[in-house]
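S.K.: So that you have it, the file is input08.tsv, and it contains TSV, C-alpha atoms:
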```
chain	number	residue	atom	x	y	z
A	8	MET	CA	35.48	-156.76	164.48
A	9	SER	CA	33.76	-158.29	161.52
A	10	LYS	CA	32.66	-156.23	158.57
A	11	PHE	CA	29.04	-156.74	159.52
A	12	SER	CA	29.59	-155.46	163.08
A	13	ALA	CA	31.41	-152.42	161.75
A	14	LEU	CA	28.52	-151.63	159.43
A	15	ILE	CA	26.02	-151.97	162.26
A	16	SER	CA	28.13	-149.66	164.44
A	17	ILE	CA	28.28	-146.99	161.74
A	18	TYR	CA	24.57	-147.36	161.13
A	19	VAL	CA	23.75	-146.92	164.81
A	20	LEU	CA	26.02	-143.87	165.06
A	21	MET	CA	24.32	-142.30	162.04
A	22	VAL	CA	20.80	-142.75	163.35
A	23	CYS	CA	21.70	-141.41	166.77
A	24	ALA	CA	22.87	-138.07	165.43
A	25	GLY	CA	19.73	-135.92	165.26
A	26	CYS	CA	18.35	-133.42	167.70
A	27	ALA	CA	16.53	-130.13	167.40
A	28	GLN	CA	15.65	-127.15	169.50
A	29	TYR	CA	13.47	-124.24	168.51
A	30	GLN	CA	11.62	-121.25	169.85
A	31	SER	CA	8.85	-119.15	168.40
A	32	THR	CA	7.33	-115.93	169.66
A	33	ARG	CA	4.22	-114.09	168.60
A	34	GLY	CA	2.61	-110.97	169.92
A	35	VAL	CA	3.57	-107.67	171.48
A	36	ASP	CA	6.59	-106.81	173.64
A	37	VAL	CA	6.18	-107.75	177.27
A	38	ASN	CA	6.36	-104.31	178.92
A	39	TRP	CA	3.94	-105.02	181.74
A	40	GLY	CA	6.43	-106.01	184.42
A	41	ALA	CA	5.73	-104.97	188.00
A	42	ASN	CA	8.00	-101.94	187.63
A	43	SER	CA	6.13	-100.44	184.71
A	44	VAL	CA	2.52	-101.06	185.76
A	45	GLY	CA	3.11	-100.39	189.46
A	46	ASP	CA	2.31	-96.70	188.96
A	47	LEU	CA	-1.10	-97.33	187.42
A	48	GLU	CA	-3.94	-96.13	189.61
A	49	LEU	CA	-7.52	-97.27	189.35
A	50	GLY	CA	-9.86	-94.36	188.69
A	51	SER	CA	-7.19	-91.91	187.56
A	52	THR	CA	-4.92	-93.53	184.96
A	53	THR	CA	-6.28	-92.88	181.47
A	54	ARG	CA	-6.40	-95.17	178.47
A	55	ASN	CA	-3.98	-92.88	176.70
A	56	GLU	CA	-1.42	-93.28	179.47
A	57	VAL	CA	-1.65	-97.06	179.24
A	58	LEU	CA	-1.28	-96.93	175.47
A	59	GLU	CA	1.77	-94.69	175.82
A	60	LEU	CA	3.24	-97.07	178.39
A	61	LEU	CA	2.63	-100.35	176.60
A	62	GLY	CA	2.04	-99.44	172.96
A	63	PRO	CA	-0.74	-100.80	170.73
A	64	PRO	CA	-2.49	-103.82	172.22
A	65	SER	CA	-3.07	-107.21	170.64
A	66	GLN	CA	-6.81	-106.70	170.81
A	67	VAL	CA	-9.28	-103.96	171.64
A	68	ILE	CA	-12.70	-105.04	172.82
A	69	SER	CA	-15.78	-102.94	173.37
A	70	THR	CA	-18.15	-104.13	176.06
A	71	GLY	CA	-20.97	-101.61	176.08
A	72	ASP	CA	-19.62	-98.44	177.73
A	73	GLU	CA	-16.34	-100.09	178.66
A	74	THR	CA	-13.24	-100.70	176.62
A	75	VAL	CA	-10.78	-103.51	177.15
A	76	LEU	CA	-7.15	-103.47	176.01
A	77	TYR	CA	-5.66	-106.95	175.80
A	78	TYR	CA	-1.91	-107.56	175.43
A	79	LEU	CA	-0.56	-110.98	174.59
A	80	ASN	CA	2.86	-112.45	174.00
A	81	GLU	CA	2.86	-116.12	173.10
A	82	SER	CA	6.12	-118.02	173.15
A	83	ALA	CA	6.75	-121.67	172.48
A	84	GLU	CA	9.85	-123.72	173.07
A	85	GLY	CA	10.38	-127.09	171.51
A	86	ARG	CA	13.00	-129.78	171.90
A	87	GLY	CA	13.25	-132.76	169.64
A	88	LEU	CA	15.21	-135.96	169.49
A	89	LEU	CA	15.30	-137.10	165.89
A	90	LEU	CA	16.48	-140.64	165.57
A	91	ILE	CA	15.31	-142.79	162.74
A	92	PHE	CA	13.78	-145.42	164.96
A	93	TYR	CA	12.48	-143.10	167.62
A	94	ASN	CA	11.57	-139.43	167.47
A	95	ARG	CA	10.41	-137.32	170.35
A	96	LEU	CA	9.14	-133.73	170.38
A	97	ASP	CA	8.32	-131.66	173.45
A	98	VAL	CA	6.62	-128.30	172.94
A	99	HIS	CA	5.71	-125.94	175.75
A	100	ALA	CA	3.75	-122.79	174.94
A	101	GLN	CA	3.32	-120.06	177.50
A	102	TYR	CA	1.23	-116.91	177.43
A	103	ASP	CA	2.37	-113.64	178.97
A	104	ARG	CA	-0.67	-111.39	179.05
A	105	ALA	CA	-2.17	-108.21	180.45
A	106	ILE	CA	-5.69	-106.87	180.45
A	107	PHE	CA	-6.94	-103.36	181.20
A	108	PHE	CA	-10.53	-102.21	181.63
A	109	PHE	CA	-11.61	-98.60	181.06
A	110	ASP	CA	-14.94	-96.92	181.76
A	111	ASP	CA	-16.79	-94.55	179.45
A	112	ASN	CA	-14.57	-91.69	180.71
A	113	ASP	CA	-11.45	-93.57	179.55
A	114	LEU	CA	-10.33	-94.09	183.14
A	115	LEU	CA	-8.79	-97.35	184.29
A	116	THR	CA	-11.27	-99.39	186.34
A	117	ASP	CA	-9.34	-102.63	186.67
A	118	TYR	CA	-6.33	-104.47	185.31
A	119	SER	CA	-4.41	-107.69	185.66
A	120	THR	CA	-1.06	-108.90	184.35
A	121	HIS	CA	0.77	-112.19	184.17
A	122	ILE	CA	4.33	-112.96	183.13
A	123	HIS	CA	5.61	-116.51	183.21
A	124	PRO	CA	8.23	-116.85	185.99
A	125	THR	CA	10.93	-117.85	183.53
A	126	ASN	CA	10.45	-114.60	181.58
A	127	GLU	CA	10.55	-112.22	184.53
B	12	MET	CA	28.12	-165.36	173.50
B	13	ASN	CA	29.47	-165.50	169.96
B	14	LYS	CA	26.98	-168.23	169.13
B	15	LEU	CA	24.15	-166.08	170.46
B	16	TRP	CA	25.32	-163.11	168.41
B	17	GLU	CA	25.55	-165.31	165.30
B	18	LEU	CA	22.00	-166.38	165.92
B	19	MET	CA	20.58	-162.95	166.69
B	20	ARG	CA	22.38	-160.59	164.34
B	21	TRP	CA	20.17	-161.07	161.32
B	22	PRO	CA	16.90	-160.83	163.26
B	23	CYS	CA	18.29	-157.69	164.95
B	24	PHE	CA	19.21	-156.19	161.62
B	25	ILE	CA	15.80	-156.95	160.14
B	26	ILE	CA	14.06	-155.41	163.15
B	27	LEU	CA	16.21	-152.28	162.90
B	28	VAL	CA	15.32	-151.86	159.23
B	29	ALA	CA	11.68	-152.76	159.66
B	30	LEU	CA	11.12	-150.25	162.43
B	31	GLY	CA	11.08	-147.28	160.10
B	32	GLY	CA	10.21	-144.79	162.78
B	33	CYS	CA	8.47	-144.21	166.04
B	34	SER	CA	7.64	-140.72	167.24
B	35	GLN	CA	6.15	-139.12	170.30
B	36	SER	CA	5.08	-135.48	170.47
B	37	TYR	CA	4.09	-133.67	173.63
B	38	TYR	CA	2.44	-130.25	173.69
B	39	GLN	CA	1.70	-128.23	176.76
B	40	LEU	CA	-0.26	-125.05	176.12
B	41	GLY	CA	-0.41	-122.62	179.00
B	42	GLU	CA	-0.16	-123.24	182.70
B	43	ALA	CA	-2.37	-125.17	185.09
B	44	ILE	CA	-5.50	-123.29	186.15
B	45	PRO	CA	-5.36	-122.66	189.92
B	46	ASP	CA	-7.74	-124.65	192.09
B	47	SER	CA	-9.17	-121.39	193.38
B	48	SER	CA	-11.19	-121.26	190.17
B	49	MET	CA	-13.43	-123.87	191.80
B	50	ASN	CA	-14.56	-121.34	194.42
B	51	ASP	CA	-18.04	-119.88	194.21
B	52	TRP	CA	-17.42	-116.78	192.10
B	53	GLU	CA	-20.99	-115.83	191.35
B	54	GLN	CA	-21.77	-112.18	192.19
B	55	GLN	CA	-18.12	-111.61	193.12
B	56	PRO	CA	-16.27	-108.58	191.71
B	57	VAL	CA	-14.26	-109.56	188.66
B	58	LYS	CA	-11.16	-107.89	190.10
B	59	LEU	CA	-10.94	-110.65	192.72
B	60	LEU	CA	-11.06	-113.27	190.00
B	61	LEU	CA	-8.38	-111.52	187.97
B	62	ALA	CA	-6.18	-111.25	191.03
B	63	GLU	CA	-6.45	-115.02	191.53
B	64	LEU	CA	-6.13	-116.26	187.97
B	65	GLY	CA	-4.43	-113.44	186.11
B	66	PRO	CA	-5.63	-112.19	182.72
B	67	PRO	CA	-7.77	-114.62	180.75
B	68	HIS	CA	-6.55	-116.32	177.58
B	69	ARG	CA	-9.73	-115.49	175.71
B	70	ILE	CA	-12.11	-112.58	176.13
B	71	SER	CA	-15.02	-111.25	174.17
B	72	GLY	CA	-17.74	-108.66	174.57
B	73	ILE	CA	-21.23	-110.09	174.71
B	74	SER	CA	-24.64	-108.59	175.23
B	75	GLY	CA	-24.75	-107.09	178.72
B	76	GLY	CA	-21.11	-107.64	179.59
B	77	TYR	CA	-18.28	-109.89	178.53
B	78	VAL	CA	-17.05	-113.46	178.70
B	79	MET	CA	-13.56	-114.65	179.66
B	80	GLY	CA	-11.88	-118.02	179.28
B	81	TRP	CA	-8.78	-119.62	180.81
B	82	GLU	CA	-7.35	-122.81	179.34
B	83	HIS	CA	-4.63	-125.38	179.86
B	84	TRP	CA	-4.02	-128.14	177.34
B	85	LYS	CA	-1.78	-131.18	177.35
B	86	ILE	CA	-1.61	-133.16	174.15
B	87	GLU	CA	0.30	-136.34	173.43
B	88	LYS	CA	0.68	-137.80	169.98
B	89	ARG	CA	2.25	-141.15	169.19
B	90	ALA	CA	3.07	-142.60	165.80
B	91	LEU	CA	4.79	-145.68	164.49
B	92	GLY	CA	5.77	-146.42	160.92
B	93	VAL	CA	6.97	-149.84	159.83
B	94	SER	CA	8.39	-150.67	156.45
B	95	LEU	CA	7.08	-153.95	155.08
B	96	GLY	CA	10.21	-154.43	152.99
B	97	PRO	CA	11.52	-157.35	155.03
B	98	LEU	CA	8.23	-159.12	154.35
B	99	GLY	CA	8.70	-158.73	150.61
B	100	ALA	CA	6.46	-155.71	150.09
B	101	ASP	CA	9.14	-153.11	149.37
B	102	ALA	CA	6.70	-150.45	148.23
B	103	LEU	CA	4.48	-150.46	151.28
B	104	GLN	CA	4.69	-148.90	154.70
B	105	LEU	CA	2.38	-149.58	157.58
B	106	ASP	CA	1.64	-146.55	159.79
B	107	TRP	CA	-0.18	-146.28	163.06
B	108	GLY	CA	-0.89	-143.21	165.17
B	109	ASP	CA	-3.04	-141.93	167.98
B	110	ALA	CA	-3.33	-138.86	170.16
B	111	GLU	CA	-5.02	-137.89	173.38
B	112	SER	CA	-5.48	-134.67	175.25
B	113	THR	CA	-6.27	-133.29	178.67
B	114	ALA	CA	-8.14	-130.02	178.33
B	115	ASP	CA	-8.88	-127.80	181.31
B	116	TYR	CA	-11.16	-124.86	180.58
B	117	PHE	CA	-12.66	-122.22	182.84
B	118	LEU	CA	-15.33	-119.90	181.47
B	119	VAL	CA	-16.72	-116.86	183.24
B	120	THR	CA	-19.40	-114.37	182.22
B	121	VAL	CA	-19.33	-110.89	183.70
B	122	ASN	CA	-22.05	-108.22	183.68
B	123	GLN	CA	-21.64	-104.50	183.06
B	124	ALA	CA	-21.34	-103.87	186.79
B	125	ASN	CA	-18.16	-106.01	186.64
B	126	GLN	CA	-19.66	-108.80	188.69
B	127	VAL	CA	-19.32	-112.46	187.82
B	128	THR	CA	-22.70	-113.79	186.72
B	129	ALA	CA	-21.68	-117.38	185.93
B	130	ALA	CA	-18.57	-119.56	186.10
B	131	SER	CA	-17.97	-123.03	184.79
B	132	ARG	CA	-14.92	-125.27	184.73
B	133	SER	CA	-14.48	-128.48	182.83
B	134	THR	CA	-11.64	-130.98	182.62
B	135	LEU	CA	-11.87	-133.31	179.69
B	136	VAL	CA	-9.52	-136.20	179.01
B	137	SER	CA	-10.22	-137.48	175.54
B	138	LYS	CA	-8.81	-139.45	172.69
B	139	ILE	CA	-8.35	-136.98	169.86
B	140	GLY	CA	-8.02	-139.57	167.18
B	141	ALA	CA	-6.29	-142.68	165.98
B	142	GLY	CA	-5.56	-144.21	162.64
B	143	ILE	CA	-3.76	-146.93	160.78
B	144	ALA	CA	-2.68	-146.81	157.17
B	145	LEU	CA	-0.94	-148.82	154.52
B	146	GLN	CA	0.85	-146.28	152.36
B	147	PRO	CA	3.22	-146.57	149.39
B	148	PHE	CA	6.94	-145.95	149.99
B	149	ALA	CA	6.58	-143.46	152.83
B	150	GLY	CA	3.93	-142.29	155.21
B	151	VAL	CA	2.56	-139.15	153.61
B	152	ALA	CA	-0.96	-138.72	154.95
B	153	PRO	CA	-1.06	-137.74	158.64
B	154	LEU	CA	-3.11	-140.17	160.66
B	155	VAL	CA	-3.93	-137.78	163.50
B	156	GLU	CA	-4.57	-134.10	162.81
B	157	LEU	CA	-3.61	-131.66	165.58
B	158	ASP	CA	-3.35	-128.32	163.78
B	159	ASP	CA	-6.61	-126.92	165.11
B	160	LEU	CA	-5.62	-127.78	168.69
B	161	ILE	CA	-2.14	-126.26	168.70
B	162	ALA	CA	-2.99	-123.11	166.75
B	163	PRO	CA	-1.92	-119.75	168.23
B	164	LEU	CA	-4.50	-117.78	170.22
B	165	PRO	CA	-6.85	-115.71	168.03
B	166	GLN	CA	-5.67	-112.35	169.40
B	167	HIS	CA	-2.76	-112.48	166.96
B	168	GLN	CA	-5.17	-112.50	164.03
B	169	TRP	CA	-7.45	-109.78	165.36
B	170	GLY	CA	-8.94	-107.89	162.43
B	171	ALA	CA	-7.29	-110.14	159.88
B	172	SER	CA	-10.55	-111.90	159.13
B	173	PHE	CA	-11.60	-108.86	157.08
B	174	LEU	CA	-8.87	-109.90	154.63
B	175	LEU	CA	-10.11	-113.46	154.30
B	176	PRO	CA	-11.91	-114.74	151.21
B	177	VAL	CA	-15.34	-113.18	150.82
B	178	HIS	CA	-17.34	-116.09	152.15
B	179	GLU	CA	-15.34	-115.93	155.38
B	180	ALA	CA	-15.00	-112.14	155.57
B	181	LEU	CA	-18.78	-111.77	155.41
B	182	ASN	CA	-18.90	-113.60	158.72
B	183	SER	CA	-16.36	-111.29	160.40
B	184	ALA	CA	-18.91	-109.50	162.57
B	185	SER	CA	-19.89	-112.82	164.11
B	186	ASN	CA	-16.47	-114.45	164.03
B	187	PRO	CA	-15.38	-115.67	167.49
B	188	ASP	CA	-11.82	-114.57	166.67
B	189	MET	CA	-12.86	-110.91	166.60
B	190	GLY	CA	-13.44	-110.49	170.32
B	191	THR	CA	-16.99	-109.22	169.95
B	192	ALA	CA	-18.96	-112.36	169.32
B	193	GLY	CA	-18.07	-114.76	172.11
B	194	VAL	CA	-15.15	-117.09	172.66
B	195	GLU	CA	-14.46	-120.46	171.19
B	196	GLN	CA	-12.55	-123.39	172.66
B	197	ARG	CA	-9.73	-125.04	170.77
B	198	GLY	CA	-10.85	-127.94	168.65
B	199	THR	CA	-14.45	-126.82	168.23
B	200	PRO	CA	-15.79	-128.53	165.10
B	201	ARG	CA	-16.33	-126.12	162.24
B	202	GLY	CA	-19.07	-128.16	160.62
B	203	ALA	CA	-21.78	-126.85	162.93
B	204	GLY	CA	-22.72	-123.47	164.35
B	205	GLN	CA	-21.32	-120.06	163.48
B	206	ARG	CA	-18.32	-121.37	161.55
B	207	THR	CA	-20.48	-123.11	158.97
B	208	LEU	CA	-20.94	-119.67	157.37
B	209	GLU	CA	-17.23	-119.72	156.56
B	210	LEU	CA	-17.10	-123.07	154.84
B	211	ASN	CA	-16.48	-123.25	151.14
```
Can you give me the file's structure in the form of structure tokens?
M.R.:
Amino acid sequence: MSKFSALISIYVLMVCAGCAQYQSTRGVDVNWGANSVGDLELGSTTRNEVLELLGPPSQVISTGDETVLYYLNESAEGRGLLLIFYNRLDVHAQYDRAIFFFDDNDLLTDYSTHIHPTNE
Amino acid sequence: MNKLWELMRWPCFIILVALGGCSQSYYQLGEAIPDSSMNDWEQQPVKLLLAELGPPHRISGISGGYVMGWEHWKIEKRALGVSLGPLGADALQLDWGDAESTADYFLVTVNQANQVTAASRSTLVSKIGAGIALQPFAGVAPLVELDDLIAPLPQHQWGASFLLPVHEALNSASNPDMGTAGVEQRGTPRGAGQRTLELN
């Protein structure tokens, strides 16, 4: 192998060496699995019971006489191929979330939850 | 074969050096919005909607009820940087970039009786931007800006706007991030509307 070919081989090996993987998470703990919210009952569960079950929410919203507790956990996963000639980055963000509506008596009127299948 | 290699090795080497970098970035934010969102939801109880779509990504109280938004974004960014060194301009780099997105957004308004009063879904495929630049030594200035499109949801900053500089904090009561003044889609220009109150 000539000197030039050897240099090219080393060069190619060097530039093919990079890759990256990362994950980031923001928000509250995901405690709203089917097991934990299965006992909630519309019309009888109080706001205090939901707060005790799930902790402080990401957001509290007042809509006239009603109150909304919104829980959010945002997680992103990224994978990167870092070559000098070609770089590729894939990022996938997913949102696990739960929302609870309470009337002016602090009783649960409605709720909905979602957990991404890969996090269940 | 050897003759071909003799002929091609220098052009190959020059191409390898000249192609300073090519990058592709893909972002997927959230999951696809179910097709059931296209149903006629007007006057339907909101609990049916929540059972179909799950909790919304954005929610805010508004006069006479609240508004909820679901979103799904796909963004692709491409960039290519080429050193002009082989052409004799060692100090210059030529950069090119563009980006496009597919944005799916479903907005619903709900009255105080928890009935859907209006629903609207839009799917927008658009070119976010493109640029070309001749820059010294290395590409420093980004040609396509994505930060406002891939920012985290505003719930994480709830209440934090009271700690912003005064000209922004004064707008907190009307800030879409606060959950009491409507919702805002990603990428909404800040040079018009409510956000203009926050500009320096």
S.K.: Using only C-alpha atoms, which of B:Leu174, B:Leu15, B:Leu154, B:Leu40 sits nearest chain A?
M.R.: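 Looking at the shortest contact to chain A, the residue is B:Leu40.
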S.K.: Of the residues A:Leu14, A:His99, A:Thr116, A:Phe109, which is the one nearest to chain B, using only C-alpha atoms?
M.R.: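 Among A:Leu14, A:His99, A:Thr116, A:Phe109, it is A:His99 that comes nearest to chain B.
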S.K.: Of the residues A:Ala27, A:Ala83, A:Ala100, A:Val75, which is the one nearest to chain B, using all atoms listed in the file?
M.R.: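 Nearest candidate to chain B out of A:Ala27, A:Ala83, A:Ala100, A:Val75: A:Ala100.
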S.K.: Using all atoms listed in the file and a distance of at most 9 Å, pull out the residues of chain B that contact chain A, as number ranges by chain.
M.R.: B: 20, 24, 27-28, 30-42, 57-58, 61-62, 64-68, 70-77, 91, 123, 163-164, 166-170, 189-191
S.K.: Hey, can you check how far atom CA of B:Ala162 sits from atom CA of B:Ala192?
M.R.: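 Separating atom CA of B:Ala162 from atom CA of B:Ala192 is a distance of 19.4 Å.
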S.K.: What is the distance, in Å and to one decimal place, between atom CA of B:Ile161 and atom CA of B:Arg197?
M.R.: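 Going from atom CA of B:Ile161 over to atom CA of B:Arg197, I get 8.0 Å.
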S.K.: Could you state the separation of atom CA of A:Leu47 and atom CA of B:Ala124 in Å, given to one decimal place?
M.R.: 21.3 Å
S.K.: Find the residues near stretch 51-58 of chain A: any atom within 6 Å, counting all atoms listed in the file, skip ones fewer than 2 places away on the same chain, and give them as a ChimeraX atom specification.
M.R.: /A:47-49,60-62,113-115
S.K.: Taking C-alpha atoms for each residue, export the selection above as a PDB file, keeping the file's coordinate frame.
M.R.:
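And here's result02.pdb as it stands now:
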```
ATOM      1  CA  LEU A  47      -1.100 -97.330 187.420  1.00  0.00           C
ATOM      2  CA  GLU A  48      -3.940 -96.130 189.610  1.00  0.00           C
ATOM      3  CA  LEU A  49      -7.520 -97.270 189.350  1.00  0.00           C
ATOM      4  CA  LEU A  60       3.240 -97.070 178.390  1.00  0.00           C
ATOM      5  CA  LEU A  61       2.630-100.350 176.600  1.00  0.00           C
ATOM      6  CA  GLY A  62       2.040 -99.440 172.960  1.00  0.00           C
ATOM      7  CA  ASP A 113     -11.450 -93.570 179.550  1.00  0.00           C
ATOM      8  CA  LEU A 114     -10.330 -94.090 183.140  1.00  0.00           C
ATOM      9  CA  LEU A 115      -8.790 -97.350 184.290  1.00  0.00           C
TER      10      LEU A 115
END
```
S.K.: Find the residues near B:Gln55: any atom within 12 Å, counting all atoms listed in the file, skip ones fewer than 2 places away on the same chain, and give them as a ChimeraX atom specification.
M.R.: /B:50-53,57-61,119-122,124-130
S.K.: Find the residues near stretch 139-142 of chain B: any atom within 12 Å, counting only C-alpha atoms, skip ones fewer than 6 places away on the same chain, and give them as a list in words.
M.R.: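 Within the cut-off, the hits are Lys85, Ile86, Glu87, Lys88, Arg89, Ala90, Leu91, Gly92, Leu105, Asp106, Trp107, Gly108, Asp109, Ala110, Glu111, Ser112, Thr113, Ala114, Ala152, Pro153, Leu154, Val155, Glu156, Leu157, Asp158, Asp159, Leu160, Gly198 and Thr199 of chain B.
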S.K.: Using all atoms of stretch 84-101 of chain A listed in the file and a margin of 3 Å per side, can you give the axis-aligned box centre and edge lengths in Å to one decimal, as AutoDock Vina command-line options?
M.R.:
```
--center_x 9.9 --center_y -132.7 --center_z 170.1 --size_x 19.2 --size_y 31.4 --size_z 20.8
```
